[in-house]
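J.: One structure, pasted below without further comment.
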Amino acid sequence: MRERTLWTLHLGAGGLVLVFLALHMAIMHLDLTGGPFGVAGAKAVDWASVAERAREAFFTVTYVALLGAALYHGLFGFRNILLELNPGAAARRAIDVGLSAIGLLLFLFGAWVTLAAPGAASAVGG
Amino acid sequence: MAGTGARIVTFHVRRYDPATDREPHWEDHPVEVTPGMTVLDALWIVKEAAPTLAWRSSCRMGICGSCGMLINGRPRLACNTQISELGTNVVAVAPLPNFGIVKDLVPDLAPMFEAHRELMPYLLRDDTDEQDAPTREYLQTPAELEAYLQFSYCIKCGCCMAACPTLATDAGYAGPMPLTQAHRYDCDSRDAGFRARREILSGPDGPWHCHYAGECSQVCPKGVDPARAIQLMKRQLVFDLLHLRRGHAPASLAAPPAGTPREGIAAAPAPTVAPPGQGATPRSPGEAVAPR
């Protein structure tokens, strides 16, 4: 059961990453769609606009969700590559535990950065 | 030779006898090739010069699946491969990769059939009595037959397993043939074994390590398309996890045709094996029974 569930989550995470990447491109790199995300006439990629978005709950949620989806999708793919090297049972267990720990640590760190961003932006005058 | 279209082709044959050889080696054997000659025909000529050369073959017509081997770097059936279609003056023949070697061109297919057996490639139903001693037929529409027909053409030759890049490194992967056959029965409207197979397929022995290289389908001599079967199986299993899979009740038994004229229809041959629990002496194969 486990492999099927993990693989289905891998697919779901891939779909989510695609959605968030499309959103990222639309906001940051396309003038037509990114215009409204600029603050007070600034471009969407300007620091003031970035700092402003960091304070909005919608963007905080999407940043954390993108972080989680990208980490899961990438690390699960990496796990598949490692498992194709035909590791033994103990090595397989070590791969699972090791990658899960790395993923969790990176996610916690990234989520902390995202949640701390509004305060940091204010501190530097954003 | 003039006018017959014959030419000399060198057969570069990989030899290995685990009883005497430390590692495989190659031998060259020139063979006078005539139009229409297959690689299997040529191997019989090679055997005249190398009597200990071993390979498997039986039907000589692409049905039994015995003579799968690596011919010019591609898994093929030796009986189904015309030498002329290879277009080379040197034909390299080796055992199927991704298997152990029993001897020379004979691969050890036991792991493949073990994985095949584990995935229960047969009809799983509650009415075992009916299956052991059939009294009627299971109802199946042409559309229901189409759902699995292509996958039922598999002859278990192992060519797909030899071409699979995942299996080349991942010994735990079940491989294209067993997975395709599991899917073939999961798609069969007469079968009720999806849940039982799901227990195995949802784990590490399932289709999850297939990354759709498609080599299995490229080399399949029967056009079975195992890569497609494996992707369909993944979809079926994921849909099942998400409760989106449309299940089906196993096909019911058809009533015997009533009022259909039976005259002129040849009687079914007598069973050569007695049904379980009946100690009756089996009839001879040619002996007919009266039509029901």
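Each chain in the structure tokens gets a letter, A, B and so on, in the order shown; residues start at 1 in every chain, and ligands are counted from 1 in the order they appear.
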Could you write out as a list in words the residues of chain A within 8 Å of chain B, counting only C-alpha atoms?
T.: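 Here is what falls inside 8 Å: Met1, Arg2, Glu3, Arg4, Thr5, Trp7, Thr8, Asn80, Leu83, Glu84, Leu85 and Asn86 of chain A.
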J.: Just write the chosen residues, C-alpha atoms, as a PDB file, in the first residue's frame.
T.:
ATOM      1  CA  MET A   1       0.000   0.000   0.000  1.00  0.00           C
ATOM      2  CA  ARG A   2       2.795   2.353   0.950  1.00  0.00           C
ATOM      3  CA  GLU A   3       4.434   2.662  -2.466  1.00  0.00           C
ATOM      4  CA  ARG A   4       1.140   3.380  -4.155  1.00  0.00           C
ATOM      5  CA  THR A   5       0.327   6.156  -1.682  1.00  0.00           C
ATOM      6  CA  TRP A   7       3.677   7.570  -5.728  1.00  0.00           C
ATOM      7  CA  THR A   8       0.232   9.159  -5.826  1.00  0.00           C
ATOM      8  CA  ASN A  80      13.609   6.365  -6.765  1.00  0.00           C
ATOM      9  CA  LEU A  83      16.509   2.583  -5.002  1.00  0.00           C
ATOM     10  CA  GLU A  84      17.406   1.655  -8.570  1.00  0.00           C
ATOM     11  CA  LEU A  85      20.942   1.112  -7.323  1.00  0.00           C
ATOM     12  CA  ASN A  86      19.524  -1.994  -5.682  1.00  0.00           C
TER      13      ASN A  86
END
J.: Would you pick out the contacts of B:Lys222 at 8 Å or less, using only C-alpha atoms, so that residues sharing its chain but fewer than 2 positions from it are not included, and give the list as a PDB file with C-alpha atoms, in the first residue's frame?
T.:
ATOM      1  CA  TYR B 153      -1.061 -12.210 -26.762  1.00  0.00           C
ATOM      2  CA  CYS B 154       1.999 -12.438 -24.479  1.00  0.00           C
ATOM      3  CA  ILE B 155       4.041 -15.623 -25.014  1.00  0.00           C
ATOM      4  CA  CYS B 220       7.817  -7.240 -27.967  1.00  0.00           C
ATOM      5  CA  VAL B 224       1.606  -6.644 -26.571  1.00  0.00           C
TER       6      VAL B 224
END
J.: Residues of stretch 6-239 of chain B classed as strand (DSSP E or B) by DSSP on the backbone are to be reported as a ChimeraX atom specification.
T.: /B:7-15,25-33,38,68-71,74-77,82,90-94,100-103,106-108,138
J.: Among stretch 13-72 of chain A, which ones does DSSP place in helix (DSSP H, G or I), written as a PDB file with N, CA and C atoms, in the first residue's frame?
T.:
ATOM      1  N   ALA A  13       2.022  16.188  -5.954  1.00  0.00           N
ATOM      2  CA  ALA A  13       2.998  17.252  -5.695  1.00  0.00           C
ATOM      3  C   ALA A  13       3.503  17.841  -7.014  1.00  0.00           C
ATOM      4  N   GLY A  14       3.699  16.978  -7.999  1.00  0.00           N
ATOM      5  CA  GLY A  14       4.143  17.454  -9.314  1.00  0.00           C
ATOM      6  C   GLY A  14       3.120  18.397  -9.929  1.00  0.00           C
ATOM      7  N   GLY A  15       1.853  18.037  -9.808  1.00  0.00           N
ATOM      8  CA  GLY A  15       0.783  18.891 -10.335  1.00  0.00           C
ATOM      9  C   GLY A  15       0.749  20.238  -9.625  1.00  0.00           C
ATOM     10  N   LEU A  16       0.930  20.180  -8.298  1.00  0.00           N
ATOM     11  CA  LEU A  16       0.914  21.409  -7.494  1.00  0.00           C
ATOM     12  C   LEU A  16       2.085  22.319  -7.869  1.00  0.00           C
ATOM     13  N   VAL A  17       3.261  21.716  -8.076  1.00  0.00           N
ATOM     14  CA  VAL A  17       4.437  22.500  -8.473  1.00  0.00           C
ATOM     15  C   VAL A  17       4.175  23.193  -9.808  1.00  0.00           C
ATOM     16  N   LEU A  18       3.532  22.489 -10.725  1.00  0.00           N
ATOM     17  CA  LEU A  18       3.214  23.087 -12.035  1.00  0.00           C
ATOM     18  C   LEU A  18       2.305  24.307 -11.875  1.00  0.00           C
ATOM     19  N   VAL A  19       1.303  24.169 -11.019  1.00  0.00           N
ATOM     20  CA  VAL A  19       0.366  25.282 -10.795  1.00  0.00           C
ATOM     21  C   VAL A  19       1.111  26.484 -10.213  1.00  0.00           C
ATOM     22  N   PHE A  20       1.954  26.206  -9.199  1.00  0.00           N
ATOM     23  CA  PHE A  20       2.671  27.305  -8.543  1.00  0.00           C
ATOM     24  C   PHE A  20       3.721  27.927  -9.476  1.00  0.00           C
ATOM     25  N   LEU A  21       4.327  27.115 -10.317  1.00  0.00           N
ATOM     26  CA  LEU A  21       5.298  27.671 -11.270  1.00  0.00           C
ATOM     27  C   LEU A  21       4.592  28.583 -12.269  1.00  0.00           C
ATOM     28  N   ALA A  22       3.404  28.167 -12.690  1.00  0.00           N
ATOM     29  CA  ALA A  22       2.637  28.998 -13.619  1.00  0.00           C
ATOM     30  C   ALA A  22       2.294  30.332 -12.948  1.00  0.00           C
ATOM     31  N   LEU A  23       1.915  30.247 -11.663  1.00  0.00           N
ATOM     32  CA  LEU A  23       1.589  31.458 -10.898  1.00  0.00           C
ATOM     33  C   LEU A  23       2.824  32.351 -10.775  1.00  0.00           C
ATOM     34  N   HIS A  24       3.948  31.722 -10.495  1.00  0.00           N
ATOM     35  CA  HIS A  24       5.202  32.469 -10.349  1.00  0.00           C
ATOM     36  C   HIS A  24       5.541  33.203 -11.649  1.00  0.00           C
ATOM     37  N   MET A  25       5.429  32.474 -12.773  1.00  0.00           N
ATOM     38  CA  MET A  25       5.746  33.098 -14.066  1.00  0.00           C
ATOM     39  C   MET A  25       4.786  34.251 -14.348  1.00  0.00           C
ATOM     40  N   ALA A  26       3.522  34.031 -14.035  1.00  0.00           N
ATOM     41  CA  ALA A  26       2.523  35.057 -14.321  1.00  0.00           C
ATOM     42  C   ALA A  26       2.763  36.314 -13.498  1.00  0.00           C
ATOM     43  N   ILE A  27       3.195  36.146 -12.252  1.00  0.00           N
ATOM     44  CA  ILE A  27       3.379  37.300 -11.370  1.00  0.00           C
ATOM     45  C   ILE A  27       4.724  37.984 -11.601  1.00  0.00           C
ATOM     46  N   MET A  28       5.772  37.181 -11.746  1.00  0.00           N
ATOM     47  CA  MET A  28       7.118  37.755 -11.730  1.00  0.00           C
ATOM     48  C   MET A  28       7.685  38.085 -13.108  1.00  0.00           C
ATOM     49  N   ASP A  31       4.683  40.949 -17.931  1.00  0.00           N
ATOM     50  CA  ASP A  31       4.222  42.311 -17.632  1.00  0.00           C
ATOM     51  C   ASP A  31       2.704  42.390 -17.579  1.00  0.00           C
ATOM     52  N   LEU A  32       2.074  41.694 -18.508  1.00  0.00           N
ATOM     53  CA  LEU A  32       0.615  41.799 -18.626  1.00  0.00           C
ATOM     54  C   LEU A  32      -0.085  41.318 -17.363  1.00  0.00           C
ATOM     55  N   THR A  33       0.331  40.138 -16.876  1.00  0.00           N
ATOM     56  CA  THR A  33      -0.332  39.563 -15.705  1.00  0.00           C
ATOM     57  C   THR A  33       0.320  39.990 -14.400  1.00  0.00           C
ATOM     58  N   GLY A  34       1.605  40.353 -14.435  1.00  0.00           N
ATOM     59  CA  GLY A  34       2.314  40.699 -13.202  1.00  0.00           C
ATOM     60  C   GLY A  34       2.078  42.131 -12.769  1.00  0.00           C
ATOM     61  N   GLY A  35       1.609  42.980 -13.672  1.00  0.00           N
ATOM     62  CA  GLY A  35       1.417  44.396 -13.374  1.00  0.00           C
ATOM     63  C   GLY A  35       0.656  44.667 -12.088  1.00  0.00           C
ATOM     64  N   PRO A  36      -0.503  44.032 -11.906  1.00  0.00           N
ATOM     65  CA  PRO A  36      -1.306  44.315 -10.715  1.00  0.00           C
ATOM     66  C   PRO A  36      -0.614  43.928  -9.411  1.00  0.00           C
ATOM     67  N   PHE A  37       0.442  43.128  -9.483  1.00  0.00           N
ATOM     68  CA  PHE A  37       1.111  42.696  -8.250  1.00  0.00           C
ATOM     69  C   PHE A  37       2.219  43.673  -7.842  1.00  0.00           C
ATOM     70  N   TRP A  47      11.744  45.272  -4.774  1.00  0.00           N
ATOM     71  CA  TRP A  47      11.818  44.877  -3.370  1.00  0.00           C
ATOM     72  C   TRP A  47      10.541  45.258  -2.610  1.00  0.00           C
ATOM     73  N   ALA A  48      10.033  46.434  -2.859  1.00  0.00           N
ATOM     74  CA  ALA A  48       8.837  46.876  -2.132  1.00  0.00           C
ATOM     75  C   ALA A  48       7.662  45.931  -2.412  1.00  0.00           C
ATOM     76  N   SER A  49       7.536  45.535  -3.655  1.00  0.00           N
ATOM     77  CA  SER A  49       6.440  44.629  -4.028  1.00  0.00           C
ATOM     78  C   SER A  49       6.641  43.253  -3.390  1.00  0.00           C
ATOM     79  N   VAL A  50       7.887  42.788  -3.406  1.00  0.00           N
ATOM     80  CA  VAL A  50       8.195  41.475  -2.820  1.00  0.00           C
ATOM     81  C   VAL A  50       7.875  41.503  -1.326  1.00  0.00           C
ATOM     82  N   ALA A  51       8.306  42.561  -0.635  1.00  0.00           N
ATOM     83  CA  ALA A  51       8.076  42.671   0.802  1.00  0.00           C
ATOM     84  C   ALA A  51       6.587  42.739   1.105  1.00  0.00           C
ATOM     85  N   GLU A  52       5.853  43.447   0.265  1.00  0.00           N
ATOM     86  CA  GLU A  52       4.416  43.566   0.475  1.00  0.00           C
ATOM     87  C   GLU A  52       3.723  42.208   0.338  1.00  0.00           C
ATOM     88  N   ARG A  53       4.129  41.464  -0.680  1.00  0.00           N
ATOM     89  CA  ARG A  53       3.506  40.135  -0.873  1.00  0.00           C
ATOM     90  C   ARG A  53       3.843  39.194   0.284  1.00  0.00           C
ATOM     91  N   ALA A  54       5.033  39.365   0.856  1.00  0.00           N
ATOM     92  CA  ALA A  54       5.437  38.499   1.969  1.00  0.00           C
ATOM     93  C   ALA A  54       4.526  38.684   3.175  1.00  0.00           C
ATOM     94  N   ALA A  57      -1.323  36.822   3.531  1.00  0.00           N
ATOM     95  CA  ALA A  57      -1.546  35.424   3.935  1.00  0.00           C
ATOM     96  C   ALA A  57      -1.576  34.487   2.718  1.00  0.00           C
ATOM     97  N   PHE A  58      -2.207  34.956   1.611  1.00  0.00           N
ATOM     98  CA  PHE A  58      -2.309  34.112   0.420  1.00  0.00           C
ATOM     99  C   PHE A  58      -0.925  33.678  -0.066  1.00  0.00           C
ATOM    100  N   PHE A  59      -0.009  34.670  -0.123  1.00  0.00           N
ATOM    101  CA  PHE A  59       1.325  34.333  -0.634  1.00  0.00           C
ATOM    102  C   PHE A  59       2.105  33.496   0.369  1.00  0.00           C
ATOM    103  N   THR A  60       1.912  33.760   1.652  1.00  0.00           N
ATOM    104  CA  THR A  60       2.607  32.950   2.660  1.00  0.00           C
ATOM    105  C   THR A  60       2.200  31.483   2.513  1.00  0.00           C
ATOM    106  N   VAL A  61       0.902  31.271   2.335  1.00  0.00           N
ATOM    107  CA  VAL A  61       0.413  29.893   2.186  1.00  0.00           C
ATOM    108  C   VAL A  61       0.968  29.256   0.915  1.00  0.00           C
ATOM    109  N   THR A  62       0.958  29.993  -0.189  1.00  0.00           N
ATOM    110  CA  THR A  62       1.457  29.410  -1.449  1.00  0.00           C
ATOM    111  C   THR A  62       2.962  29.143  -1.384  1.00  0.00           C
ATOM    112  N   TYR A  63       3.714  30.031  -0.705  1.00  0.00           N
ATOM    113  CA  TYR A  63       5.162  29.796  -0.592  1.00  0.00           C
ATOM    114  C   TYR A  63       5.425  28.493   0.168  1.00  0.00           C
ATOM    115  N   VAL A  64       4.726  28.316   1.274  1.00  0.00           N
ATOM    116  CA  VAL A  64       4.945  27.112   2.099  1.00  0.00           C
ATOM    117  C   VAL A  64       4.479  25.859   1.342  1.00  0.00           C
ATOM    118  N   ALA A  65       3.342  25.989   0.650  1.00  0.00           N
ATOM    119  CA  ALA A  65       2.830  24.833  -0.108  1.00  0.00           C
ATOM    120  C   ALA A  65       3.777  24.473  -1.238  1.00  0.00           C
ATOM    121  N   LEU A  66       4.311  25.488  -1.934  1.00  0.00           N
ATOM    122  CA  LEU A  66       5.268  25.225  -3.017  1.00  0.00           C
ATOM    123  C   LEU A  66       6.525  24.557  -2.463  1.00  0.00           C
ATOM    124  N   LEU A  67       6.975  25.080  -1.324  1.00  0.00           N
ATOM    125  CA  LEU A  67       8.163  24.501  -0.690  1.00  0.00           C
ATOM    126  C   LEU A  67       7.931  23.014  -0.387  1.00  0.00           C
ATOM    127  N   GLY A  68       6.791  22.711   0.225  1.00  0.00           N
ATOM    128  CA  GLY A  68       6.492  21.321   0.592  1.00  0.00           C
ATOM    129  C   GLY A  68       6.364  20.433  -0.638  1.00  0.00           C
ATOM    130  N   ALA A  69       5.630  20.918  -1.642  1.00  0.00           N
ATOM    131  CA  ALA A  69       5.411  20.113  -2.849  1.00  0.00           C
ATOM    132  C   ALA A  69       6.716  19.873  -3.605  1.00  0.00           C
ATOM    133  N   ALA A  70       7.520  20.932  -3.733  1.00  0.00           N
ATOM    134  CA  ALA A  70       8.772  20.791  -4.490  1.00  0.00           C
ATOM    135  C   ALA A  70       9.740  19.866  -3.753  1.00  0.00           C
ATOM    136  N   LEU A  71       9.807  20.020  -2.419  1.00  0.00           N
ATOM    137  CA  LEU A  71      10.699  19.154  -1.644  1.00  0.00           C
ATOM    138  C   LEU A  71      10.266  17.695  -1.763  1.00  0.00           C
ATOM    139  N   TYR A  72       8.973  17.442  -1.598  1.00  0.00           N
ATOM    140  CA  TYR A  72       8.492  16.054  -1.660  1.00  0.00           C
ATOM    141  C   TYR A  72       8.733  15.464  -3.049  1.00  0.00           C
TER     142      TYR A  72
END
J.: Counting only C-alpha atoms, figure out which residue out of B:Met112, B:Cys164, B:Pro221, B:Glu146 gets nearest to B:Ala78.
T.: B:Pro221
J.: Can you work out the spacing between atom CA of B:Arg125 and atom CA of B:Ala192 in Å, to one decimal?
T.: 5.4 Å
J.: Hey, what's within 10 Å of B:Leu119 if we count only C-alpha atoms and toss same-chain stuff fewer than 3 positions away? As a list in words, please?
T.: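 Near B:Leu119, the qualifying residues are Phe113, Glu114, Ala115, His116, Tyr122, Ala174, Pro178, Leu179, Thr180, Gln181, Ala182, His183, Tyr185, Ala196, Arg197, Arg198, Glu199, Ile200, Leu201, Asp205 and Gly206 of chain B.
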J.: Let me see the file: selected residues, N, CA, C and O atoms, as a JSON list (two decimals), in the first residue's frame.
T.:
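Once written, part.json looks like this:
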[["chain", "number", "residue", "atom", "x", "y", "z"],
["B", 113, "PHE", "N", 9.34, -16.13, -13.98],
["B", 113, "PHE", "CA", 8.11, -16.90, -13.76],
["B", 113, "PHE", "C", 7.70, -16.90, -12.29],
["B", 113, "PHE", "O", 6.52, -17.03, -11.97],
["B", 114, "GLU", "N", 8.69, -16.71, -11.41],
["B", 114, "GLU", "CA", 8.36, -16.61, -9.99],
["B", 114, "GLU", "C", 7.57, -15.31, -9.74],
["B", 114, "GLU", "O", 6.55, -15.31, -9.06],
["B", 115, "ALA", "N", 8.06, -14.21, -10.32],
["B", 115, "ALA", "CA", 7.34, -12.94, -10.20],
["B", 115, "ALA", "C", 5.97, -13.04, -10.85],
["B", 115, "ALA", "O", 4.97, -12.50, -10.35],
["B", 116, "HIS", "N", 5.91, -13.73, -11.97],
["B", 116, "HIS", "CA", 4.65, -13.94, -12.69],
["B", 116, "HIS", "C", 3.65, -14.66, -11.80],
["B", 116, "HIS", "O", 2.50, -14.24, -11.65],
["B", 122, "TYR", "N", -4.24, -15.36, -13.28],
["B", 122, "TYR", "CA", -5.31, -16.28, -13.65],
["B", 122, "TYR", "C", -6.61, -15.72, -13.09],
["B", 122, "TYR", "O", -6.59, -14.78, -12.27],
["B", 174, "ALA", "N", 9.34, -6.16, -10.47],
["B", 174, "ALA", "CA", 8.72, -7.38, -11.01],
["B", 174, "ALA", "C", 8.97, -7.53, -12.51],
["B", 174, "ALA", "O", 9.13, -8.63, -13.01],
["B", 178, "PRO", "N", 5.39, -9.89, -15.97],
["B", 178, "PRO", "CA", 4.47, -10.21, -14.88],
["B", 178, "PRO", "C", 3.45, -9.10, -14.63],
["B", 178, "PRO", "O", 2.27, -9.38, -14.38],
["B", 179, "LEU", "N", 3.89, -7.85, -14.72],
["B", 179, "LEU", "CA", 2.96, -6.74, -14.46],
["B", 179, "LEU", "C", 1.88, -6.69, -15.54],
["B", 179, "LEU", "O", 0.70, -6.46, -15.25],
["B", 180, "THR", "N", 2.28, -6.89, -16.79],
["B", 180, "THR", "CA", 1.30, -6.86, -17.88],
["B", 180, "THR", "C", 0.28, -7.98, -17.72],
["B", 180, "THR", "O", -0.92, -7.78, -17.94],
["B", 181, "GLN", "N", 0.75, -9.13, -17.29],
["B", 181, "GLN", "CA", -0.19, -10.24, -17.13],
["B", 181, "GLN", "C", -1.11, -10.04, -15.94],
["B", 181, "GLN", "O", -2.28, -10.44, -15.96],
["B", 182, "ALA", "N", -0.60, -9.39, -14.88],
["B", 182, "ALA", "CA", -1.48, -9.05, -13.76],
["B", 182, "ALA", "C", -2.56, -8.08, -14.24],
["B", 182, "ALA", "O", -3.74, -8.22, -13.90],
["B", 183, "HIS", "N", -2.15, -7.11, -15.05],
["B", 183, "HIS", "CA", -3.12, -6.14, -15.57],
["B", 183, "HIS", "C", -4.11, -6.80, -16.52],
["B", 183, "HIS", "O", -5.28, -6.45, -16.53],
["B", 185, "TYR", "N", -5.40, -9.66, -16.29],
["B", 185, "TYR", "CA", -6.49, -10.28, -15.53],
["B", 185, "TYR", "C", -7.30, -9.24, -14.75],
["B", 185, "TYR", "O", -8.50, -9.42, -14.55],
["B", 196, "ALA", "N", -7.12, -8.74, -4.44],
["B", 196, "ALA", "CA", -6.04, -9.64, -4.04],
["B", 196, "ALA", "C", -4.72, -9.22, -4.68],
["B", 196, "ALA", "O", -3.67, -9.18, -4.02],
["B", 197, "ARG", "N", -4.76, -8.88, -5.97],
["B", 197, "ARG", "CA", -3.52, -8.45, -6.66],
["B", 197, "ARG", "C", -3.08, -7.08, -6.16],
["B", 197, "ARG", "O", -1.89, -6.78, -6.10],
["B", 198, "ARG", "N", -4.06, -6.26, -5.80],
["B", 198, "ARG", "CA", -3.75, -4.91, -5.33],
["B", 198, "ARG", "C", -2.83, -4.95, -4.11],
["B", 198, "ARG", "O", -1.97, -4.09, -3.94],
["B", 199, "GLU", "N", -3.03, -5.93, -3.24],
["B", 199, "GLU", "CA", -2.21, -6.03, -2.03],
["B", 199, "GLU", "C", -0.73, -6.13, -2.39],
["B", 199, "GLU", "O", 0.12, -5.61, -1.68],
["B", 200, "ILE", "N", -0.43, -6.81, -3.48],
["B", 200, "ILE", "CA", 0.97, -6.96, -3.90],
["B", 200, "ILE", "C", 1.40, -5.75, -4.75],
["B", 200, "ILE", "O", 2.46, -5.17, -4.56],
["B", 201, "LEU", "N", 0.53, -5.37, -5.68],
["B", 201, "LEU", "CA", 0.90, -4.32, -6.64],
["B", 201, "LEU", "C", 1.05, -2.95, -5.98],
["B", 201, "LEU", "O", 1.75, -2.08, -6.50],
["B", 205, "ASP", "N", 6.73, -4.22, -5.00],
["B", 205, "ASP", "CA", 6.77, -5.12, -6.17],
["B", 205, "ASP", "C", 5.85, -4.66, -7.30],
["B", 205, "ASP", "O", 5.74, -5.34, -8.33],
["B", 206, "GLY", "N", 5.20, -3.55, -7.11],
["B", 206, "GLY", "CA", 4.25, -3.06, -8.11],
["B", 206, "GLY", "C", 4.93, -2.32, -9.25],
["B", 206, "GLY", "O", 6.15, -2.42, -9.45]]
J.: Smallest atom-to-atom distance to B:Ala249: which of B:Leu232, B:Val219, B:Cys187, B:Val90, using only C-alpha atoms?
T.: B:Cys187
J.: One decimal, in Å: what's the spacing between atom CA of B:Asn72 and atom CA of B:Glu23?
T.: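 These atoms are spaced 20.3 Å apart.
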